[in-house]
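Undergrad: Input structure: model_4.tsv, which contains TSV, N, CA and C atoms.
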chain	number	residue	atom	x	y	z
E	1	MET	N	27.14	-4.18	-19.24
E	1	MET	CA	26.00	-4.04	-20.11
E	1	MET	C	25.01	-5.18	-19.90
E	2	TYR	N	25.53	-6.40	-19.78
E	2	TYR	CA	24.67	-7.56	-19.58
E	2	TYR	C	23.86	-7.44	-18.30
E	3	LYS	N	24.47	-6.90	-17.25
E	3	LYS	CA	23.78	-6.75	-15.98
E	3	LYS	C	22.62	-5.76	-16.11
E	4	ARG	N	22.81	-4.70	-16.87
E	4	ARG	CA	21.74	-3.71	-17.06
E	4	ARG	C	20.56	-4.30	-17.81
E	5	VAL	N	20.85	-5.08	-18.84
E	5	VAL	CA	19.78	-5.72	-19.61
E	5	VAL	C	19.03	-6.71	-18.72
E	6	LEU	N	19.75	-7.49	-17.94
E	6	LEU	CA	19.13	-8.45	-17.03
E	6	LEU	C	18.29	-7.74	-15.98
E	7	LEU	N	18.81	-6.67	-15.42
E	7	LEU	CA	18.09	-5.90	-14.41
E	7	LEU	C	16.83	-5.28	-15.00
E	8	PHE	N	16.94	-4.71	-16.22
E	8	PHE	CA	15.78	-4.13	-16.89
E	8	PHE	C	14.72	-5.20	-17.16
E	9	GLY	N	15.13	-6.36	-17.61
E	9	GLY	CA	14.19	-7.45	-17.89
E	9	GLY	C	13.48	-7.90	-16.63
E	10	LEU	N	14.20	-8.03	-15.54
E	10	LEU	CA	13.61	-8.43	-14.27
E	10	LEU	C	12.63	-7.37	-13.77
E	11	LEU	N	13.01	-6.12	-13.87
E	11	LEU	CA	12.14	-5.03	-13.46
E	11	LEU	C	10.86	-5.01	-14.31
E	12	PHE	N	11.01	-5.23	-15.61
E	12	PHE	CA	9.84	-5.26	-16.49
E	12	PHE	C	8.90	-6.39	-16.11
E	13	LEU	N	9.42	-7.57	-15.84
E	13	LEU	CA	8.58	-8.70	-15.46
E	13	LEU	C	7.85	-8.44	-14.15
E	14	LEU	N	8.52	-7.84	-13.20
E	14	LEU	CA	7.90	-7.55	-11.91
E	14	LEU	C	6.79	-6.52	-12.03
E	15	THR	N	7.01	-5.48	-12.81
E	15	THR	CA	6.01	-4.43	-12.93
E	15	THR	C	4.85	-4.85	-13.83
E	16	SER	N	5.09	-5.67	-14.81
E	16	SER	CA	4.01	-6.08	-15.71
E	16	SER	C	3.03	-7.00	-15.00
E	17	GLY	N	3.46	-7.73	-14.01
E	17	GLY	CA	2.57	-8.61	-13.27
E	17	GLY	C	2.02	-7.99	-12.01
E	18	ALA	N	2.28	-6.73	-11.79
E	18	ALA	CA	1.88	-6.08	-10.55
E	18	ALA	C	0.37	-6.00	-10.39
E	19	HIS	N	-0.37	-5.89	-11.48
E	19	HIS	CA	-1.81	-5.78	-11.40
E	19	HIS	C	-2.49	-7.13	-11.39
E	20	GLY	N	-1.75	-8.19	-11.60
E	20	GLY	CA	-2.31	-9.52	-11.54
E	20	GLY	C	-3.13	-9.89	-12.76
E	21	SER	N	-3.08	-9.13	-13.84
E	21	SER	CA	-3.87	-9.47	-15.01
E	21	SER	C	-3.08	-10.40	-15.89
E	22	THR	N	-3.66	-11.53	-16.19
E	22	THR	CA	-2.99	-12.50	-17.02
E	22	THR	C	-3.67	-12.62	-18.37
E	23	GLY	N	-4.75	-11.89	-18.57
E	23	GLY	CA	-5.46	-11.97	-19.83
E	23	GLY	C	-6.54	-13.03	-19.83
E	24	SER	N	-6.57	-13.88	-18.82
E	24	SER	CA	-7.61	-14.90	-18.74
E	24	SER	C	-8.27	-14.84	-17.37
E	25	TYR	N	-9.56	-14.97	-17.37
E	25	TYR	CA	-10.31	-14.95	-16.12
E	25	TYR	C	-10.35	-16.36	-15.56
E	26	ARG	N	-10.54	-16.44	-14.24
E	26	ARG	CA	-10.63	-17.78	-13.64
E	26	ARG	C	-11.90	-17.89	-12.83
E	27	LYS	N	-12.39	-19.09	-12.73
E	27	LYS	CA	-13.59	-19.37	-11.96
E	27	LYS	C	-13.20	-19.49	-10.49
E	28	PRO	N	-13.95	-18.86	-9.59
E	28	PRO	CA	-13.63	-18.96	-8.16
E	28	PRO	C	-13.92	-20.36	-7.62
E	29	VAL	N	-13.25	-20.70	-6.56
E	29	VAL	CA	-13.49	-21.98	-5.89
E	29	VAL	C	-14.60	-21.77	-4.87
E	30	CYS	N	-15.77	-22.31	-5.18
E	30	CYS	CA	-16.94	-22.11	-4.32
E	30	CYS	C	-17.44	-23.45	-3.78
E	31	ALA	N	-16.54	-24.27	-3.30
E	31	ALA	CA	-16.91	-25.59	-2.80
E	31	ALA	C	-17.80	-25.50	-1.56
E	32	ASP	N	-18.83	-26.33	-1.54
E	32	ASP	CA	-19.73	-26.44	-0.39
E	32	ASP	C	-20.40	-25.12	-0.01
E	33	MET	N	-20.68	-24.28	-0.98
E	33	MET	CA	-21.33	-23.00	-0.70
E	33	MET	C	-22.83	-23.06	-0.99
E	34	ALA	N	-23.36	-24.22	-1.32
E	34	ALA	CA	-24.76	-24.34	-1.72
E	34	ALA	C	-25.72	-23.96	-0.58
E	35	GLU	N	-25.33	-24.25	0.65
E	35	GLU	CA	-26.23	-24.01	1.78
E	35	GLU	C	-25.74	-22.93	2.72
E	36	ILE	N	-24.44	-22.75	2.81
E	36	ILE	CA	-23.87	-21.82	3.78
E	36	ILE	C	-23.42	-20.55	3.06
E	37	ASN	N	-23.89	-19.40	3.52
E	37	ASN	CA	-23.49	-18.12	2.94
E	37	ASN	C	-22.67	-17.31	3.94
E	38	ALA	N	-21.75	-17.97	4.64
E	38	ALA	CA	-20.90	-17.30	5.62
E	38	ALA	C	-19.46	-17.37	5.15
E	39	CYS	N	-18.76	-16.25	5.25
E	39	CYS	CA	-17.38	-16.18	4.78
E	39	CYS	C	-16.47	-15.71	5.91
E	40	PRO	N	-15.17	-16.07	5.83
E	40	PRO	CA	-14.22	-15.54	6.80
E	40	PRO	C	-14.03	-14.04	6.57
E	41	LEU	N	-13.55	-13.37	7.57
E	41	LEU	CA	-13.40	-11.92	7.49
E	41	LEU	C	-12.02	-11.48	6.99
E	42	ASN	N	-11.26	-12.42	6.42
E	42	ASN	CA	-9.93	-12.06	5.94
E	42	ASN	C	-10.04	-11.14	4.72
E	43	LEU	N	-9.11	-10.20	4.62
E	43	LEU	CA	-9.10	-9.27	3.50
E	43	LEU	C	-8.09	-9.76	2.47
E	44	ALA	N	-8.60	-10.29	1.37
E	44	ALA	CA	-7.80	-10.76	0.24
E	44	ALA	C	-8.58	-10.40	-1.01
E	45	PRO	N	-8.62	-9.10	-1.37
E	45	PRO	CA	-9.52	-8.64	-2.43
E	45	PRO	C	-9.30	-9.31	-3.77
E	46	VAL	N	-10.42	-9.51	-4.47
E	46	VAL	CA	-10.40	-10.00	-5.84
E	46	VAL	C	-11.31	-9.11	-6.67
E	47	CYS	N	-10.95	-8.96	-7.94
E	47	CYS	CA	-11.73	-8.13	-8.86
E	47	CYS	C	-12.58	-9.05	-9.72
E	48	GLY	N	-13.89	-8.88	-9.63
E	48	GLY	CA	-14.80	-9.69	-10.43
E	48	GLY	C	-14.98	-9.10	-11.82
E	49	ASP	N	-15.35	-9.94	-12.77
E	49	ASP	CA	-15.55	-9.44	-14.13
E	49	ASP	C	-16.81	-8.60	-14.26
E	50	ASP	N	-17.53	-8.43	-13.15
E	50	ASP	CA	-18.68	-7.52	-13.14
E	50	ASP	C	-18.25	-6.10	-12.75
E	51	GLY	N	-16.94	-5.91	-12.53
E	51	GLY	CA	-16.42	-4.58	-12.20
E	51	GLY	C	-16.40	-4.27	-10.72
E	52	ASN	N	-16.80	-5.22	-9.87
E	52	ASN	CA	-16.82	-5.00	-8.42
E	52	ASN	C	-15.62	-5.66	-7.76
E	53	THR	N	-15.15	-5.01	-6.68
E	53	THR	CA	-14.10	-5.59	-5.85
E	53	THR	C	-14.76	-6.30	-4.68
E	54	TYR	N	-14.38	-7.54	-4.45
E	54	TYR	CA	-14.92	-8.33	-3.34
E	54	TYR	C	-13.82	-8.51	-2.30
E	55	ALA	N	-14.20	-8.51	-1.03
E	55	ALA	CA	-13.24	-8.60	0.07
E	55	ALA	C	-12.38	-9.85	-0.02
E	56	ASN	N	-12.96	-10.93	-0.50
E	56	ASN	CA	-12.23	-12.18	-0.71
E	56	ASN	C	-13.01	-13.06	-1.69
E	57	GLU	N	-12.44	-14.16	-2.07
E	57	GLU	CA	-13.06	-15.05	-3.05
E	57	GLU	C	-14.39	-15.60	-2.57
E	58	CYS	N	-14.50	-15.85	-1.29
E	58	CYS	CA	-15.75	-16.36	-0.72
E	58	CYS	C	-16.89	-15.37	-0.91
E	59	MET	N	-16.61	-14.08	-0.71
E	59	MET	CA	-17.64	-13.06	-0.90
E	59	MET	C	-18.11	-13.01	-2.35
E	60	LEU	N	-17.20	-13.24	-3.28
E	60	LEU	CA	-17.57	-13.30	-4.68
E	60	LEU	C	-18.48	-14.51	-4.91
E	61	CYS	N	-18.17	-15.62	-4.27
E	61	CYS	CA	-19.00	-16.83	-4.39
E	61	CYS	C	-20.42	-16.57	-3.86
E	62	VAL	N	-20.53	-15.87	-2.76
E	62	VAL	CA	-21.84	-15.55	-2.19
E	62	VAL	C	-22.64	-14.71	-3.18
E	63	GLU	N	-21.98	-13.73	-3.80
E	63	GLU	CA	-22.66	-12.89	-4.79
E	63	GLU	C	-23.10	-13.71	-6.00
E	64	ARG	N	-22.28	-14.68	-6.40
E	64	ARG	CA	-22.66	-15.58	-7.51
E	64	ARG	C	-23.94	-16.34	-7.16
E	65	LEU	N	-24.01	-16.81	-5.92
E	65	LEU	CA	-25.20	-17.55	-5.50
E	65	LEU	C	-26.42	-16.66	-5.42
E	66	LYS	N	-26.25	-15.45	-4.87
E	66	LYS	CA	-27.38	-14.53	-4.72
E	66	LYS	C	-27.95	-14.10	-6.07
E	67	THR	N	-27.06	-13.78	-7.00
E	67	THR	CA	-27.51	-13.26	-8.29
E	67	THR	C	-27.68	-14.34	-9.35
E	68	LYS	N	-27.27	-15.57	-9.01
E	68	LYS	CA	-27.32	-16.68	-9.96
E	68	LYS	C	-26.63	-16.32	-11.28
E	69	SER	N	-25.46	-15.68	-11.16
E	69	SER	CA	-24.69	-15.28	-12.34
E	69	SER	C	-23.29	-15.88	-12.28
E	70	GLU	N	-22.66	-15.96	-13.41
E	70	GLU	CA	-21.32	-16.53	-13.52
E	70	GLU	C	-20.27	-15.44	-13.41
E	71	ILE	N	-20.05	-14.91	-12.22
E	71	ILE	CA	-19.03	-13.89	-12.01
E	71	ILE	C	-17.68	-14.60	-11.93
E	72	LEU	N	-16.74	-14.15	-12.72
E	72	LEU	CA	-15.39	-14.73	-12.73
E	72	LEU	C	-14.41	-13.75	-12.09
E	73	ILE	N	-13.25	-14.25	-11.71
E	73	ILE	CA	-12.20	-13.41	-11.12
E	73	ILE	C	-11.31	-12.92	-12.25
E	74	MET	N	-11.26	-11.59	-12.42
E	74	MET	CA	-10.39	-11.00	-13.44
E	74	MET	C	-8.96	-10.97	-12.96
E	75	ARG	N	-8.78	-10.61	-11.69
E	75	ARG	CA	-7.43	-10.54	-11.12
E	75	ARG	C	-7.52	-10.49	-9.59
E	76	THR	N	-6.40	-10.76	-8.97
E	76	THR	CA	-6.28	-10.62	-7.53
E	76	THR	C	-6.02	-9.15	-7.23
E	77	GLY	N	-6.71	-8.61	-6.23
E	77	GLY	CA	-6.56	-7.20	-5.88
E	77	GLY	C	-7.80	-6.42	-6.26
E	78	ASN	N	-7.73	-5.12	-6.04
E	78	ASN	CA	-8.87	-4.23	-6.32
E	78	ASN	C	-9.06	-4.04	-7.82
E	79	CYS	N	-10.28	-3.72	-8.19
E	79	CYS	CA	-10.59	-3.43	-9.61
E	79	CYS	C	-10.03	-2.07	-10.00
Re-express the file's structure as structure tokens.
TA:
Amino acid sequence: MYKRVLLFGLLFLLTSGAHGSTGSYRKPVCADMAEINACPLNLAPVCGDDGNTYANECMLCVERLKTKSEILIMRTGNC
């Protein structure tokens, strides 16, 4: 019985964090982006609080600079 409860608890923890939502948004790391608007082509999607999915955190930073808005990261992965 103990093993089933432990297994259920572990399964619950794994599935509840699958979407990456922690309830708090985080500010992206946009160091040294004031002059350069070039990003690597790696695919590591992040969901912005504006409802858009960005290919990676750098692309979200570029959009923040272009629109002069405070877009935060809601979660890692697609929106």
Undergrad: I'd like the interatomic distance between atom C of E:Ile73 and atom N of E:Lys27, to a tenth of an Å.
TA: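 Separation between atom C of E:Ile73 and atom N of E:Lys27: 6.3 Å.
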Undergrad: Between E:Cys61, E:Ala55, E:Cys79, E:Ile71, which residue has the minimum interatomic distance to E:Tyr25, considering only C-alpha atoms?
TA: E:Ile71
Undergrad: For E:Asn42, which of E:Asn78, E:Lys66, E:Met59, E:Val29 is the closest residue, counting only C-alpha atoms?
TA: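 Distance minimum relative to E:Asn42 lands on E:Met59.
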Undergrad: For a test of reading the model, state the distance in Å between atom CA of E:Leu43 and atom N of E:Cys58, rounded to one decimal.
TA: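 Here the two named atoms are 9.8 Å from each other.
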Undergrad: Can you work out the spacing between atom CA of E:Ser24 and atom CA of E:Cys39 in Å, to one decimal?
TA: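 Those two atoms sit 25.5 Å apart.
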Undergrad: Using all atoms listed in the file, which of E:Glu63, E:Pro40, E:Leu72, E:Gly51 sits nearest E:Pro28?
TA: E:Leu72
Undergrad: Give the helix (DSSP H, G or I) residues of stretch 30-75 of chain E, as DSSP finds them on the backbone, and put them as a ChimeraX atom specification.
TA: /E:57-67
Undergrad: Counting all atoms listed in the file, which of E:Thr53, E:Gly77, E:Arg26, E:Val62 gets nearest to E:Ala38?
TA: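 Looking only at the distances to E:Ala38, the closest residue turns out to be E:Val62.
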Undergrad: Return the single residue from E:Cys47, E:Arg75, E:Thr67, E:Glu57 that is closest to E:Ala31, with distances computed using only C-alpha atoms.
TA: E:Glu57
